[in-house]
>>> print(open('target_35.cif').read())   # mmCIF, C-alpha atoms
data_coords
loop_
_atom_site.label_atom_id
_atom_site.label_comp_id
_atom_site.auth_asym_id
_atom_site.auth_seq_id
_atom_site.Cartn_x
_atom_site.Cartn_y
_atom_site.Cartn_z
CA MET A 1 0.85 31.36 -6.10
CA ASP A 2 -1.11 28.70 -7.90
CA LEU A 3 -2.63 26.87 -4.98
CA GLY A 4 -3.66 30.07 -3.30
CA ASP A 5 -5.52 31.01 -6.45
CA ALA A 6 -7.01 27.57 -6.63
CA LEU A 7 -8.74 28.09 -3.32
CA THR A 8 -9.75 31.69 -3.54
CA ILE A 9 -12.57 33.22 -1.61
CA THR A 10 -14.92 32.90 -4.56
CA ARG A 11 -14.60 29.18 -4.65
CA THR A 12 -14.66 28.81 -0.91
CA LEU A 13 -17.75 30.85 -0.34
CA ARG A 14 -19.70 30.23 -3.50
CA PRO A 15 -21.51 27.19 -2.13
CA LEU A 16 -22.69 29.36 0.75
CA CYS A 17 -24.53 31.60 -1.68
CA VAL A 18 -25.75 29.27 -4.41
CA GLY A 19 -26.08 25.55 -4.71
CA VAL A 20 -23.52 24.52 -7.32
CA GLY A 21 -23.90 21.57 -9.66
CA GLY A 22 -24.15 18.29 -7.83
CA GLY A 23 -26.39 19.95 -5.28
CA THR A 24 -29.34 18.14 -6.75
CA MET A 25 -27.62 14.87 -6.08
CA PHE A 26 -27.06 15.91 -2.50
CA ARG A 27 -30.65 16.86 -1.99
CA MET A 28 -31.84 13.53 -3.27
CA VAL A 29 -29.69 11.59 -0.85
CA VAL A 30 -29.51 13.66 2.28
CA GLY A 31 -33.03 15.04 2.39
CA GLU A 32 -34.37 18.56 2.63
CA THR A 33 -33.90 19.33 6.31
CA ARG A 34 -30.19 18.52 6.44
CA ASN A 35 -29.46 20.13 3.13
CA GLN A 36 -28.97 23.70 4.26
CA LEU A 37 -26.40 22.79 6.87
CA THR A 38 -24.64 20.48 4.43
CA GLU A 39 -24.37 23.32 1.95
CA LEU A 40 -23.00 25.59 4.67
CA ARG A 41 -20.33 23.09 5.64
CA ARG A 42 -19.10 22.63 2.12
CA GLY A 43 -15.88 24.45 1.46
CA VAL A 44 -15.48 25.18 5.16
CA VAL A 45 -14.89 21.82 6.82
CA GLU A 46 -11.77 21.02 4.79
CA HIS A 47 -10.22 24.21 6.12
CA CYS A 48 -11.16 23.13 9.62
CA VAL A 49 -9.17 19.96 8.94
CA LEU A 50 -6.15 22.08 8.02
CA ALA A 51 -6.61 24.07 11.24
CA LEU A 52 -6.81 20.88 13.33
CA ILE A 53 -3.45 19.63 12.06
CA ARG A 54 -1.79 23.04 11.92
CA ASP A 55 0.36 22.46 15.02
CA GLU A 56 0.30 18.72 15.41
CA ASP A 57 -0.02 15.80 13.00
CA SER A 58 -3.09 13.69 13.49
CA TYR A 59 -4.67 10.58 11.97
CA ALA A 60 -7.91 10.49 10.03
CA PHE A 61 -10.08 8.81 12.66
CA ASP A 62 -8.94 11.33 15.30
CA ILE A 63 -9.62 14.28 12.97
CA VAL A 64 -13.07 12.91 12.09
CA ARG A 65 -14.04 12.33 15.73
CA ASP A 66 -12.89 15.84 16.64
CA LEU A 67 -14.99 17.40 13.86
CA ALA A 68 -17.99 15.25 14.83
CA ALA A 69 -17.66 16.27 18.49
CA ARG A 70 -17.75 19.91 17.39
CA GLY A 71 -20.86 19.30 15.31
CA LEU A 72 -19.05 20.12 12.09
CA VAL A 73 -19.73 16.75 10.53
CA THR A 74 -22.66 14.41 11.13
CA SER A 75 -21.93 11.48 8.83
CA GLU A 76 -18.28 10.79 9.57
CA GLY A 77 -17.69 9.03 6.25
CA THR A 78 -18.34 12.21 4.29
CA ILE A 79 -15.06 13.67 5.57
CA TYR A 80 -12.96 11.18 3.58
CA PRO A 81 -13.62 12.75 0.17
CA LEU A 82 -12.33 16.01 1.64
CA LEU A 83 -9.22 14.36 3.10
CA ALA A 84 -8.53 12.73 -0.26
CA ARG A 85 -8.84 16.09 -1.97
CA LEU A 86 -6.43 17.74 0.48
CA ARG A 87 -3.94 14.98 -0.34
CA ARG A 88 -4.41 15.37 -4.09
CA ASP A 89 -4.07 19.15 -3.88
CA GLY A 90 -0.81 18.78 -1.94
CA LEU A 91 -2.13 20.68 1.07
CA VAL A 92 -1.29 17.72 3.31
CA THR A 93 1.11 14.81 3.23
CA THR A 94 0.57 11.53 5.04
CA THR A 95 2.80 9.00 6.76
CA TRP A 96 1.97 5.66 8.32
CA ARG A 97 2.77 5.10 11.97
CA GLU A 98 2.45 1.92 14.00
CA SER A 99 -0.02 1.93 16.84
CA ASP A 100 -0.30 0.04 20.13
CA ALA A 101 -3.92 -0.82 19.37
CA GLY A 102 -5.04 -2.09 15.99
CA PRO A 103 -3.75 -1.25 12.52
CA PRO A 104 -1.14 1.42 11.64
CA ARG A 105 -2.56 4.93 11.48
CA ARG A 106 -2.18 7.29 8.57
CA TYR A 107 -1.00 10.62 10.01
CA TYR A 108 -1.79 13.87 8.24
CA HIS A 109 0.79 16.64 8.11
CA ILE A 110 0.09 20.13 6.81
CA THR A 111 2.36 21.36 3.99
CA ASN A 112 3.52 24.94 3.41
CA ASP A 113 0.88 25.25 0.69
CA GLY A 114 -1.68 24.01 3.19
CA ARG A 115 -0.62 26.68 5.68
CA ARG A 116 -0.97 29.40 3.06
CA VAL A 117 -4.45 28.18 2.09
CA LEU A 118 -5.43 28.07 5.76
CA ASP A 119 -4.16 31.59 6.40
CA ASP A 120 -6.09 32.86 3.37
CA PHE A 121 -9.20 31.09 4.60
CA ILE A 122 -8.92 32.57 8.09
CA GLY A 123 -8.85 36.05 6.59
CA ASP A 124 -11.73 35.33 4.21
CA TRP A 125 -13.78 33.60 6.85
CA THR A 126 -13.40 36.35 9.44
CA GLY A 127 -14.52 39.00 6.97
CA PHE A 128 -17.40 36.88 5.72
CA ARG A 129 -18.61 35.96 9.20
CA GLU A 130 -18.54 39.58 10.36
CA ALA A 131 -20.44 40.71 7.27
CA VAL A 132 -23.16 38.07 7.75
CA ASP A 133 -23.40 38.74 11.51
CA GLU A 134 -23.73 42.44 10.87
CA LEU A 135 -26.40 41.93 8.21
CA LEU A 136 -28.40 39.57 10.42
CA ALA A 137 -28.15 41.97 13.36
CA ASP A 138 -29.23 44.93 11.21
CA THR A 139 -32.20 43.14 9.69
CA ALA A 140 -33.26 41.66 13.03
CA ARG A 141 -33.35 45.14 14.55
CA GLY A 142 -35.25 46.45 11.54
CA GLY A 143 -37.87 43.74 11.90
CA GLU A 144 -38.75 44.64 15.46
CA MET B 1 -12.12 -8.29 12.72
CA GLY B 2 -12.30 -7.74 9.00
CA ALA B 3 -14.42 -10.83 8.46
CA ASP B 4 -17.41 -9.27 10.19
CA PRO B 5 -20.38 -9.87 7.85
CA ILE B 6 -21.96 -6.51 8.72
CA VAL B 7 -18.75 -4.69 7.78
CA ILE B 8 -18.36 -6.72 4.59
CA ASP B 9 -21.94 -5.95 3.64
CA TYR B 10 -21.38 -2.23 4.29
CA LEU B 11 -18.18 -2.14 2.22
CA ASP B 12 -19.93 -4.03 -0.59
CA ARG B 13 -22.67 -1.41 -0.63
CA LEU B 14 -20.04 1.32 -0.69
CA GLU B 15 -18.26 -0.35 -3.58
CA THR B 16 -21.52 -0.61 -5.51
CA ALA B 17 -22.44 3.00 -4.81
CA ALA B 18 -18.93 4.10 -5.85
CA ALA B 19 -18.89 2.06 -9.05
CA ALA B 20 -19.39 5.15 -11.21
CA LEU B 21 -16.44 7.04 -9.69
CA PRO B 22 -13.07 7.20 -11.46
CA GLU B 23 -10.88 4.29 -10.38
CA ASP B 24 -8.33 6.22 -8.30
CA ARG B 25 -11.02 8.01 -6.31
CA ARG B 26 -13.00 4.84 -5.76
CA VAL B 27 -9.94 3.02 -4.43
CA ASP B 28 -9.01 5.98 -2.18
CA LEU B 29 -12.50 6.15 -0.74
CA LEU B 30 -12.80 2.42 -0.09
CA THR B 31 -9.36 2.30 1.54
CA ASP B 32 -10.08 5.30 3.76
CA VAL B 33 -13.44 3.98 4.93
CA ARG B 34 -12.09 0.48 5.54
CA GLU B 35 -9.28 1.96 7.65
CA HIS B 36 -11.75 4.11 9.55
CA ILE B 37 -13.73 1.02 10.55
CA GLU B 38 -10.61 -0.89 11.58
CA VAL B 39 -9.29 1.98 13.69
CA ALA B 40 -12.71 2.70 15.18
CA LEU B 41 -13.12 -0.91 16.33
CA ALA B 42 -9.54 -1.07 17.60
CA GLU B 43 -10.00 2.09 19.66
CA ALA B 44 -13.40 0.95 20.94
CA GLY B 45 -11.67 -2.20 22.14
CA ALA B 46 -14.67 -4.27 21.13
CA GLY B 47 -15.96 -5.95 18.00
CA ASP B 48 -19.44 -6.96 19.11
CA GLU B 49 -22.40 -6.32 16.87
CA ALA B 50 -23.63 -3.24 18.75
CA THR B 51 -20.21 -1.56 18.50
CA VAL B 52 -19.88 -2.39 14.80
CA ARG B 53 -23.35 -1.04 14.08
CA ALA B 54 -22.66 2.16 16.03
CA VAL B 55 -19.46 2.75 14.02
CA LEU B 56 -21.31 2.24 10.72
CA VAL B 57 -24.21 4.49 11.75
CA ARG B 58 -21.75 7.27 12.58
CA LEU B 59 -20.08 6.79 9.20
CA GLY B 60 -23.34 7.44 7.39
CA SER B 61 -24.83 5.52 4.48
CA PRO B 62 -22.53 4.47 1.62
CA GLU B 63 -24.71 6.47 -0.78
CA GLU B 64 -24.26 9.58 1.33
CA ILE B 65 -20.46 9.18 1.35
CA VAL B 66 -20.35 8.72 -2.42
CA ALA B 67 -22.56 11.81 -2.87
CA ALA B 68 -20.05 13.75 -0.76
CA GLU B 69 -17.24 12.49 -2.98
CA ILE B 70 -19.04 13.68 -6.10
CA ALA B 71 -19.80 17.02 -4.45
CA ALA B 72 -16.20 17.48 -3.31
CA GLU B 73 -14.93 17.01 -6.83
CA THR B 74 -17.60 19.27 -8.30
CA LEU B 75 -16.60 21.95 -5.82
CA ALA B 76 -12.92 21.49 -6.60
CA THR B 77 -13.20 21.85 -10.33
CA GLY B 78 -16.12 24.25 -10.41
CA ARG B 79 -17.81 22.02 -12.94
CA THR B 80 -21.51 22.48 -13.32
CA GLU B 81 -22.08 18.88 -14.33
CA PRO B 82 -21.53 15.88 -12.10
CA ALA B 83 -17.97 14.58 -12.13
CA VAL B 84 -19.20 11.23 -13.31
CA GLY B 85 -19.81 10.79 -17.00
CA PRO B 86 -22.23 8.39 -18.64
CA ALA B 87 -21.53 4.72 -18.22
CA VAL B 88 -19.97 4.41 -21.66
CA ARG B 89 -17.12 6.75 -20.83
CA ARG B 90 -16.50 5.04 -17.54
CA ARG B 91 -14.15 2.35 -18.77
CA PRO B 92 -10.96 2.58 -16.72
CA ARG B 93 -7.86 3.69 -18.58
CA ALA B 94 -5.78 0.91 -20.05
CA THR B 95 -2.71 1.55 -17.87
CA VAL B 96 -2.24 -2.06 -16.86
CA GLU B 97 -2.45 -3.22 -20.47
CA PHE B 98 -0.03 -0.48 -21.52
CA LYS B 99 2.52 -1.50 -18.89
CA ALA B 100 2.14 -5.14 -19.86
CA LEU B 101 2.74 -4.46 -23.56
CA MET B 102 5.64 -2.07 -22.87
CA LEU B 103 7.40 -4.65 -20.69
CA LEU B 104 6.84 -7.35 -23.29
CA THR B 105 8.28 -5.21 -26.09
CA ALA B 106 10.73 -2.54 -24.90
CA GLY B 107 11.19 -4.44 -21.64
CA ALA B 108 12.19 -7.58 -23.52
CA ILE B 109 15.07 -5.69 -25.14
CA ALA B 110 16.14 -3.52 -22.20
CA LEU B 111 15.67 -6.19 -19.54
CA PRO B 112 16.04 -9.58 -21.21
CA PHE B 113 14.22 -12.40 -19.38
CA ILE B 114 13.09 -10.18 -16.48
CA GLY B 115 11.11 -7.56 -18.47
CA PRO B 116 8.74 -9.98 -20.22
CA LEU B 117 8.18 -11.96 -17.03
CA ILE B 118 7.10 -8.81 -15.12
CA GLY B 119 5.02 -7.94 -18.17
CA LEU B 120 3.24 -11.27 -17.80
CA GLY B 121 2.36 -10.30 -14.24
CA TYR B 122 0.58 -7.23 -15.59
CA VAL B 123 -1.11 -9.30 -18.28
CA TRP B 124 -2.59 -11.53 -15.60
CA SER B 125 -3.79 -8.59 -13.53
CA SER B 126 -5.70 -7.14 -16.50
CA ASP B 127 -9.33 -7.99 -17.06
CA ARG B 128 -9.32 -7.24 -20.77
CA TRP B 129 -7.82 -10.54 -21.77
CA THR B 130 -9.48 -13.87 -21.19
CA THR B 131 -7.76 -16.59 -19.19
CA ILE B 132 -7.16 -18.59 -22.35
CA GLN B 133 -5.52 -15.60 -24.03
CA LYS B 134 -3.39 -14.99 -20.95
CA ARG B 135 -2.34 -18.64 -20.92
CA THR B 136 -1.43 -18.54 -24.60
CA ALA B 137 0.71 -15.43 -24.07
CA SER B 138 2.37 -16.91 -20.98
CA LEU B 139 3.13 -20.12 -22.82
CA GLY B 140 4.68 -18.09 -25.63
CA VAL B 141 6.89 -16.08 -23.31
CA VAL B 142 8.00 -18.97 -21.12
CA GLY B 143 8.43 -21.31 -24.06
CA LEU B 144 10.52 -18.92 -26.11
CA LEU B 145 12.59 -17.92 -23.06
CA LEU B 146 13.19 -21.47 -21.90
CA PHE B 147 14.70 -22.49 -25.21
CA PRO B 148 17.64 -20.02 -25.17
CA ALA B 149 17.88 -20.08 -21.40
CA VAL B 150 18.60 -23.79 -21.27
CA ILE B 151 21.40 -23.45 -23.83
CA LEU B 152 22.76 -20.02 -22.93
CA LEU B 153 22.83 -20.07 -19.15
CA PRO B 154 25.38 -22.88 -18.74
CA MET B 155 27.61 -21.16 -21.30
CA LEU B 156 27.23 -17.81 -19.55
CA ALA B 157 28.16 -19.47 -16.29
CA GLY B 158 31.23 -20.85 -18.01
CA GLY B 159 32.20 -17.38 -19.20
CA GLU B 160 32.09 -18.28 -22.89
CA ILE B 161 30.42 -15.06 -23.96
CA THR B 162 32.15 -14.75 -27.34
CA ALA B 163 31.35 -18.34 -28.14
CA ILE B 164 27.70 -17.63 -27.50
CA PHE B 165 27.54 -14.87 -30.04
CA SER B 166 29.52 -16.65 -32.72
CA THR B 167 27.72 -19.98 -32.56
CA PHE B 168 24.33 -19.09 -31.15
CA GLY B 169 23.77 -15.62 -32.55
CA PRO B 170 20.28 -16.43 -33.87
CA LEU B 171 19.34 -17.90 -30.53
CA VAL B 172 20.10 -14.62 -28.73
CA ALA B 173 17.49 -12.98 -30.95
CA LEU B 174 14.91 -15.30 -29.44
CA VAL B 175 15.25 -13.53 -26.08
CA PRO B 176 13.50 -10.28 -27.06
CA LEU B 177 11.30 -12.25 -29.45
CA ALA B 178 9.88 -14.07 -26.44
CA GLY B 179 8.29 -10.80 -25.42
CA LEU B 180 7.56 -9.36 -28.85
CA LEU B 181 5.57 -12.28 -30.25
CA PRO B 182 3.17 -12.66 -27.30
CA ALA B 183 2.83 -8.85 -27.20
CA ALA B 184 1.82 -8.81 -30.86
CA TYR B 185 -0.69 -11.58 -30.15
CA LEU B 186 -2.19 -9.75 -27.14
CA LEU B 187 -2.38 -6.48 -29.06
CA ALA B 188 -4.11 -8.19 -31.97
CA VAL B 189 -6.64 -9.81 -29.65
CA LEU B 190 -7.29 -6.43 -28.00
CA PHE B 191 -7.91 -4.67 -31.32
CA LEU B 192 -10.07 -7.48 -32.59
CA GLU B 193 -12.25 -7.19 -29.50
CA LEU B 194 -12.40 -3.41 -29.80
CA SER B 195 -13.53 -3.54 -33.41
CA VAL B 196 -16.24 -6.08 -32.50
CA VAL B 197 -17.46 -3.78 -29.72
CA ALA B 198 -17.40 -0.79 -32.08
CA ARG B 199 -19.44 -2.68 -34.67
CA GLN B 200 -22.01 -3.67 -32.03
CA ASP B 201 -22.24 -0.06 -30.84
CA GLY B 202 -22.72 1.17 -34.41
#
>>> encode(input="target_35.cif", output="structure tokens")
Amino acid sequence: MDLGDALTITRTLRPLCVGVGGGTMFRMVVGETRNQLTELRRGVVEHCVLALIRDEDSYAFDIVRDLAARGLVTSEGTIYPLLARLRRDGLVTTTWRESDAGPPRRYYHITNDGRRVLDDFIGDWTGFREAVDELLADTARGGE
Amino acid sequence: MGADPIVIDYLDRLETAAAALPEDRRVDLLTDVREHIEVALAEAGAGDEATVRAVLVRLGSPEEIVAAEIAAETLATGRTEPAVGPAVRRRPRATVEFKALMLLTAGAIALPFIGPLIGLGYVWSSDRWTTIQKRTASLGVVGLLLFPAVILLPMLAGGEITAIFSTFGPLVALVPLAGLLPAAYLLAVLFLELSVVARQDG
């Protein structure tokens, strides 16, 4: 499956290990202290978006506020490039719905490709998290 | 809302910061952020300065958002260079001009009268032709269309189709010509400008 390949574990987790190109740009703008967390979030947050809309469609502002409340995004605007990419990659589709308050909202709906990518990510993430936890626990014990 | 000077200023800064992005991504980003602000203010139920500022602070700086856009694309394609090329390569693709010329040529034959007129719409939305050039092309289209239209339409209404072709055959040819001639003019102007630019670059 093409899209599954397109978002393989290598690509997802590479930014966790090395700063890829464009990282310099990030550093210049965001500043040193925030950089590490920013790098950690990259490649992960977009999958969190897929998880948030897995069972129920939601609109961008609601998704962004949810991620912010969970501490997964600090500057809310930086989520929009990820949402745009999910749209372009066909992992989500969007529809406009009228609202009682204010302008119509653009609702995000996960596609079958999106579900497959999310399932792959859950598997990759669980393995990765356990490996890092284990390593940190081992080295912490060794340092005592 | 929408006319709030703080919001306008913020969106202007975003547009400036995003100037180097490819057109489709720049438009996507600006639309998304503008919608975010509108929804945020609607859900806050207030549009006072403090609320507006709080919404913009939470959004982050325009520069930060654009950096995230560049990073997202770099991550997606695995490119080791920034997604944005040097300024010279940044010229948007000539899709509008292509549509305009297609409608004026092929459109003038396939969709007499209507094709060239839609084509003119695209001509006016392009920024590669000057207003004077656009006016000249429009005058050509409208002028050449008006001539046969005035004579042919009453006859068409009267159902004298065979009479049209026997007596006014040459006039019918004017209909696609109304698109073709201005198209040739616009194309010539475009190439002339390109060769001037190329000579200056060289």
>>> resolve_selection(input="target_35.cif", expression="the PyMOL selection byres ((chain A) within 6 of (chain B))", output="list in words")
Gly21, Gly22, Phe61, Ser75, Glu76, Gly77, Thr78, Pro81, Ala101 and Gly102 of chain A
>>> resolve_selection(input="target_35.cif", expression="the PyMOL selection byres ((chain B and resi 111-114) around 9)", output="PyMOL selection string")
chain B and resi 103+106-110+115-119+145+149+175-176+178-179
>>> atom_distance(input="target_35.cif", atom1="CA of Ala51 (chain A)", atom2="CA of Val92 (chain A)")
11.5 Å
>>> residues_around(input="target_35.cif", residues="Arg97 (chain A)", least_positions_apart="2", cutoff="12 Å", atoms="only C-alpha atoms", output="list of chain:residue names")
A:Asp57, A:Ser58, A:Tyr59, A:Thr94, A:Thr95, A:Ser99, A:Asp100, A:Ala101, A:Gly102, A:Pro103, A:Pro104, A:Arg105, A:Arg106, A:Tyr107, A:Tyr108
>>> closest_residue(input="target_35.cif", among="A:Leu135, A:Glu46, A:Asp113, A:Arg54", to="Tyr80 (chain A)", atoms="all atoms listed in the file")
A:Glu46
>>> closest_residue(input="target_35.cif", among="A:Val49, A:Arg88, A:Val44, A:Arg115", to="Arg129 (chain A)", atoms="all atoms listed in the file")
A:Val44
>>> atom_distance(input="target_35.cif", atom1="CA of Ala131 (chain A)", atom2="CA of Arg70 (chain A)")
23.3 Å
>>> atom_distance(input="target_35.cif", atom1="CA of Asp62 (chain A)", atom2="CA of His109 (chain A)")
13.2 Å
>>> residues_around(input="target_35.cif", residues="region 124-139 of chain B", least_positions_apart="5", cutoff="7 Å", atoms="all atoms listed in the file", output="PyMOL selection string")
chain B and resi 96-97+182
>>> closest_residue(input="target_35.cif", among="A:Leu37, A:Ile79, A:Val45, A:Leu50", to="Asp119 (chain A)", atoms="all atoms listed in the file")
A:Leu50
>>> residues_near_point(input="target_35.cif", point="(-8.2, 20.0, 2.6)", cutoff="6 Å", atoms="all atoms listed in the file", output="PDB file with C-alpha atoms, in the coordinates of the input")
ATOM      1  CA  GLU A  46     -11.770  21.020   4.790  1.00  0.00           C
ATOM      2  CA  HIS A  47     -10.220  24.210   6.120  1.00  0.00           C
ATOM      3  CA  LEU A  82     -12.330  16.010   1.640  1.00  0.00           C
ATOM      4  CA  LEU A  83      -9.220  14.360   3.100  1.00  0.00           C
ATOM      5  CA  LEU A  86      -6.430  17.740   0.480  1.00  0.00           C
TER       6      LEU A  86
END
>>> residues_near_point(input="target_35.cif", point="(-21.8, -5.2, 13.6)", cutoff="7 Å", atoms="only C-alpha atoms", output="list of chain:residue names")
B:Asp4, B:Ile6, B:Val7, B:Asp48, B:Glu49, B:Ala50, B:Thr51, B:Val52, B:Arg53
>>> decode(input="target_35.cif", residues="region 86-95 of chain A", atoms="all heavy atoms", output="compact mmCIF listing (two decimals), in the first residue's frame")
# COMPACT_ATOMS: atom_id res chain seq x y z
N LEU A 86 -2.21 16.54 5.82
CA LEU A 86 -3.11 15.40 5.92
C LEU A 86 -4.15 15.44 4.80
O LEU A 86 -4.50 14.41 4.23
CB LEU A 86 -3.81 15.40 7.29
CG LEU A 86 -2.93 15.14 8.51
CD1 LEU A 86 -3.74 15.26 9.80
CD2 LEU A 86 -2.30 13.75 8.44
N ARG A 87 -4.60 16.65 4.47
CA ARG A 87 -5.57 16.79 3.38
C ARG A 87 -4.93 16.41 2.06
O ARG A 87 -5.49 15.64 1.27
CB ARG A 87 -6.07 18.25 3.27
CG ARG A 87 -6.84 18.75 4.47
CD ARG A 87 -7.63 20.01 4.08
NE ARG A 87 -6.77 21.13 3.69
CZ ARG A 87 -6.44 22.14 4.50
NH1 ARG A 87 -6.89 22.17 5.73
NH2 ARG A 87 -5.69 23.13 4.07
N ARG A 88 -3.74 16.94 1.82
CA ARG A 88 -3.05 16.67 0.54
C ARG A 88 -2.73 15.20 0.38
O ARG A 88 -2.78 14.66 -0.71
CB ARG A 88 -1.76 17.49 0.45
CG ARG A 88 -1.96 18.90 -0.05
CD ARG A 88 -0.64 19.50 -0.49
NE ARG A 88 0.23 19.75 0.64
CZ ARG A 88 0.25 20.88 1.34
NH1 ARG A 88 -0.57 21.85 1.02
NH2 ARG A 88 1.06 21.04 2.35
N ASP A 89 -2.37 14.54 1.49
CA ASP A 89 -2.02 13.12 1.43
C ASP A 89 -3.24 12.21 1.39
O ASP A 89 -3.12 10.99 1.33
CB ASP A 89 -1.14 12.74 2.64
CG ASP A 89 0.26 13.34 2.52
OD1 ASP A 89 0.59 13.82 1.43
OD2 ASP A 89 1.01 13.32 3.52
N GLY A 90 -4.43 12.81 1.46
CA GLY A 90 -5.66 12.02 1.38
C GLY A 90 -5.94 11.21 2.64
O GLY A 90 -6.68 10.24 2.59
N LEU A 91 -5.34 11.60 3.75
CA LEU A 91 -5.59 10.87 5.00
C LEU A 91 -6.85 11.39 5.68
O LEU A 91 -7.41 10.73 6.56
CB LEU A 91 -4.39 10.98 5.94
CG LEU A 91 -3.05 10.53 5.33
CD1 LEU A 91 -1.94 10.57 6.38
CD2 LEU A 91 -3.16 9.12 4.76
N VAL A 92 -7.27 12.59 5.30
CA VAL A 92 -8.53 13.15 5.79
C VAL A 92 -9.28 13.79 4.62
O VAL A 92 -8.68 14.13 3.60
CB VAL A 92 -8.29 14.24 6.87
CG1 VAL A 92 -7.61 13.68 8.09
CG2 VAL A 92 -7.48 15.39 6.30
N THR A 93 -10.59 13.90 4.79
CA THR A 93 -11.39 14.72 3.87
C THR A 93 -12.09 15.77 4.73
O THR A 93 -12.22 15.58 5.94
CB THR A 93 -12.45 13.88 3.12
OG1 THR A 93 -13.23 13.18 4.09
CG2 THR A 93 -11.81 12.90 2.18
N THR A 94 -12.50 16.86 4.10
CA THR A 94 -13.17 17.90 4.89
C THR A 94 -14.49 18.28 4.26
O THR A 94 -14.66 18.22 3.04
CB THR A 94 -12.29 19.16 5.02
OG1 THR A 94 -12.08 19.71 3.72
CG2 THR A 94 -10.95 18.84 5.67
N THR A 95 -15.43 18.66 5.12
CA THR A 95 -16.72 19.18 4.66
C THR A 95 -17.07 20.40 5.51
O THR A 95 -16.68 20.47 6.67
CB THR A 95 -17.85 18.15 4.81
OG1 THR A 95 -17.72 17.51 6.10
CG2 THR A 95 -17.82 17.12 3.72
